[in-house]
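Undergrad: Pasting a structure below so you can have a look.
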Amino acid sequence: MSEGTGRGFEPATGDGPGPGPGPAAAGREAEVRTAYEGLLQIRRLVGGPAGASVPAPWEVRQAPRAVALALEAAGVPPSALDAEGRRTRTGYRVTASAEPGRAEVTWLGAPGSGAAEEEQDRLTECAGVLERAGWVCLLYRGPRRRRFLEVEPPR
């Protein structure tokens with residue numbers, strides 16, 4: 001999923017353009033804050049007071065969007081692509097997992113950015129954010145020995 005799909009607010013997945021400077025960045029922060037507060041309100045309505053700490057059913061159905069929103073709301077920087085599809089910014093990238101209701105988080109950057117060296121620490125930080133938001137995170141080592149998080153709802 002990427003930004004600008006015509007579905008209203010889209011959280012940064014790490015596959016879109018980087019944030020704009022100045023007023024655009026402030027506007028984006030306000031949108032993210034409003035969207036995340038809305039997510040928490042839906043959790044409370046669906047699950048009662050304790051529901052705010054567990055992903056709502058619609059979050060599970062759209063796990064990559066919900067995970068990306070939680071990371072962006074916590075101030076974790078998303079990766080970004082330029083118009084030619086080259087990485088221009090180091091940060092998280094959220095994609096759908098092969099399993100429904102799950103997402104994968106990787107830490108990516110431009111060639112030579114050092115993203116591979118910092119991925120374990122940064123993915124551990126992402127896991128902390130997501131676990132506080134009610135998700136379960138498992139850190140794996142994938143192809144080319146790169147690490148990634150598999151994120152799923154609690155069982």
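Labels used: A, B, ... for chains in the order of the structure tokens, numbers from 1 for residues in each chain, and numbers from 1 for ligands as shown.
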Within 8 Å of region 115-119 of chain A, counting only C-alpha atoms, which residues show up once you throw out same-chain ones fewer than 3 positions away? Write them as a PDB file with C-alpha atoms, in the first residue's frame, please.

TA:
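Result file is selection-v4.pdb:
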```pdb
ATOM      1  CA  THR A  90      16.264   5.657   5.796  1.00  0.00           C
ATOM      2  CA  GLY A  91      13.351   4.360   7.816  1.00  0.00           C
ATOM      3  CA  THR A 106      11.861  -3.784   7.387  1.00  0.00           C
ATOM      4  CA  TRP A 107      14.426  -1.014   7.904  1.00  0.00           C
ATOM      5  CA  LEU A 108      15.643   0.369   4.572  1.00  0.00           C
ATOM      6  CA  GLY A 109      17.682   3.232   3.213  1.00  0.00           C
ATOM      7  CA  ALA A 110      19.564   4.417   0.178  1.00  0.00           C
ATOM      8  CA  GLY A 112      25.496   3.391   1.530  1.00  0.00           C
ATOM      9  CA  ARG A 122      15.749   0.292  14.830  1.00  0.00           C
ATOM     10  CA  LEU A 123      13.532  -2.769  14.336  1.00  0.00           C
ATOM     11  CA  ARG A 146      18.554  -8.842   6.547  1.00  0.00           C
ATOM     12  CA  ARG A 147      16.293  -8.663   9.571  1.00  0.00           C
TER      13      ARG A 147
END
```

Undergrad: Please run DSSP on the backbone and report, as a VMD selection string, all residues within chain A that come out as strand (DSSP E or B).

TA: chain A and resid 78 80 to 81 87 to 89 91 to 96 103 to 108 136 to 141 147 to 152

Undergrad: Excluding Gly134 (chain A) and any residue of its chain fewer than 2 positions from it, enumerate the residues within 8 Å of it, using only C-alpha atoms, and give them as a compact mmCIF listing (two decimals) with N, CA and C atoms, in the first residue's frame.

TA:
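Done, and the output landed in around.txt:
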```
# COMPACT_ATOMS: atom_id res chain seq x y z
N SER A 53 -6.07 -1.22 24.05
CA SER A 53 -4.74 -1.82 24.00
C SER A 53 -4.68 -3.06 23.08
N VAL A 54 -5.74 -3.32 22.35
CA VAL A 54 -5.79 -4.48 21.45
C VAL A 54 -6.26 -4.02 20.08
N PRO A 55 -5.60 -4.46 19.01
CA PRO A 55 -6.05 -4.05 17.67
C PRO A 55 -7.51 -4.44 17.41
N LEU A 130 5.14 -1.02 18.54
CA LEU A 130 4.01 -1.84 18.12
C LEU A 130 3.48 -2.71 19.25
N GLU A 131 4.36 -3.21 20.10
CA GLU A 131 3.90 -4.02 21.24
C GLU A 131 3.11 -3.16 22.22
N ARG A 132 3.53 -1.92 22.43
CA ARG A 132 2.75 -1.01 23.29
C ARG A 132 1.38 -0.71 22.66
N VAL A 136 1.80 -8.15 18.40
CA VAL A 136 2.85 -9.10 18.75
C VAL A 136 3.89 -9.04 17.63
N PRO A 153 -1.66 -9.72 15.32
CA PRO A 153 -2.46 -9.42 16.50
C PRO A 153 -2.26 -10.49 17.56
N PRO A 154 -2.55 -10.18 18.81
CA PRO A 154 -2.44 -11.20 19.85
C PRO A 154 -3.49 -12.29 19.62
```

Undergrad: At what distance in Å, to one decimal, does CA of Phe9 (chain A) lie from CA of Ala103 (chain A)?

TA: 18.9 Å

Undergrad: Kindly give the distance, in Å, that separates CA of Ala66 (chain A) and CA of Gly128 (chain A), rounded to a single decimal.

TA: 15.2 Å

Undergrad: Going by DSSP on the backbone, which residues of chain A come out as alpha helix (DSSP H)? List them as a PyMOL selection string.

TA: chain A and resi 23-47+57-61+63-73+115-132

Undergrad: Go through A:Glu84, A:Glu104, A:Glu10, A:Glu29 one by one, measure the shortest atom-to-atom distance of each to Glu152 (chain A) using only C-alpha atoms, and give the residue with the smallest value.

TA: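 Of all the options, A:Glu104 lies closest to Glu152 (chain A).
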
Undergrad: May I ask which of the residues A:Arg141, A:Arg65, A:Arg155, A:Arg93 is the closest one to Pro77 (chain A), counting only C-alpha atoms?

TA: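 Ranking A:Arg141, A:Arg65, A:Arg155, A:Arg93 by distance to Pro77 (chain A), first place goes to A:Arg93.
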
Undergrad: Interatomic distance between CA of Gln120 (chain A) and CA of Pro17 (chain A)?

TA: 24.1 Å

Undergrad: Using only C-alpha atoms, which protein or nucleic acid residues come within 12 Å of Glu99 (chain A)? Drop anything in the same chain fewer than 6 positions from it, and give the result as a PyMOL selection string.

TA: chain A and resi 60-64+150-153

Undergrad: Those same residues - N, CA, C and O atoms - I'd like them written as a PDB file, in the first residue's frame.

TA:
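Now in result_15.pdb:
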```pdb
ATOM      1  N   VAL A  60      -6.840  -5.527  12.004  1.00  0.00           N
ATOM      2  CA  VAL A  60      -6.302  -6.823  11.618  1.00  0.00           C
ATOM      3  C   VAL A  60      -6.540  -7.060  10.127  1.00  0.00           C
ATOM      4  O   VAL A  60      -5.656  -7.565   9.419  1.00  0.00           O
ATOM      5  N   ARG A  61      -7.707  -6.662   9.631  1.00  0.00           N
ATOM      6  CA  ARG A  61      -7.997  -6.821   8.199  1.00  0.00           C
ATOM      7  C   ARG A  61      -7.096  -5.941   7.341  1.00  0.00           C
ATOM      8  O   ARG A  61      -6.855  -6.257   6.173  1.00  0.00           O
ATOM      9  N   GLN A  62      -6.630  -4.827   7.895  1.00  0.00           N
ATOM     10  CA  GLN A  62      -5.767  -3.898   7.173  1.00  0.00           C
ATOM     11  C   GLN A  62      -4.470  -3.701   7.948  1.00  0.00           C
ATOM     12  O   GLN A  62      -4.039  -2.571   8.184  1.00  0.00           O
ATOM     13  N   ALA A  63      -3.849  -4.791   8.334  1.00  0.00           N
ATOM     14  CA  ALA A  63      -2.678  -4.743   9.216  1.00  0.00           C
ATOM     15  C   ALA A  63      -1.569  -3.814   8.723  1.00  0.00           C
ATOM     16  O   ALA A  63      -1.041  -3.040   9.519  1.00  0.00           O
ATOM     17  N   PRO A  64      -1.182  -3.826   7.441  1.00  0.00           N
ATOM     18  CA  PRO A  64      -0.101  -2.912   7.036  1.00  0.00           C
ATOM     19  C   PRO A  64      -0.436  -1.440   7.296  1.00  0.00           C
ATOM     20  O   PRO A  64       0.414  -0.688   7.772  1.00  0.00           O
ATOM     21  N   GLU A 150       7.908  -9.562  11.888  1.00  0.00           N
ATOM     22  CA  GLU A 150       6.582 -10.020  11.501  1.00  0.00           C
ATOM     23  C   GLU A 150       5.667  -9.548  12.613  1.00  0.00           C
ATOM     24  O   GLU A 150       5.937  -9.795  13.797  1.00  0.00           O
ATOM     25  N   VAL A 151       4.605  -8.860  12.227  1.00  0.00           N
ATOM     26  CA  VAL A 151       3.699  -8.230  13.191  1.00  0.00           C
ATOM     27  C   VAL A 151       2.319  -8.868  13.031  1.00  0.00           C
ATOM     28  O   VAL A 151       1.803  -8.964  11.923  1.00  0.00           O
ATOM     29  N   GLU A 152       1.763  -9.294  14.157  1.00  0.00           N
ATOM     30  CA  GLU A 152       0.457  -9.950  14.139  1.00  0.00           C
ATOM     31  C   GLU A 152      -0.339  -9.543  15.363  1.00  0.00           C
ATOM     32  O   GLU A 152       0.220  -9.071  16.355  1.00  0.00           O
ATOM     33  N   PRO A 153      -1.663  -9.724  15.317  1.00  0.00           N
ATOM     34  CA  PRO A 153      -2.463  -9.423  16.496  1.00  0.00           C
ATOM     35  C   PRO A 153      -2.261 -10.495  17.559  1.00  0.00           C
ATOM     36  O   PRO A 153      -1.861 -11.611  17.242  1.00  0.00           O
TER      37      PRO A 153
END
```

Undergrad: So, with only C-alpha atoms as the atoms that count, which of A:Glu59, A:Gly27, A:Val105, A:Gly14 lies closest to Arg87 (chain A)?

TA: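 Closest residue, counting only C-alpha atoms: A:Gly14.
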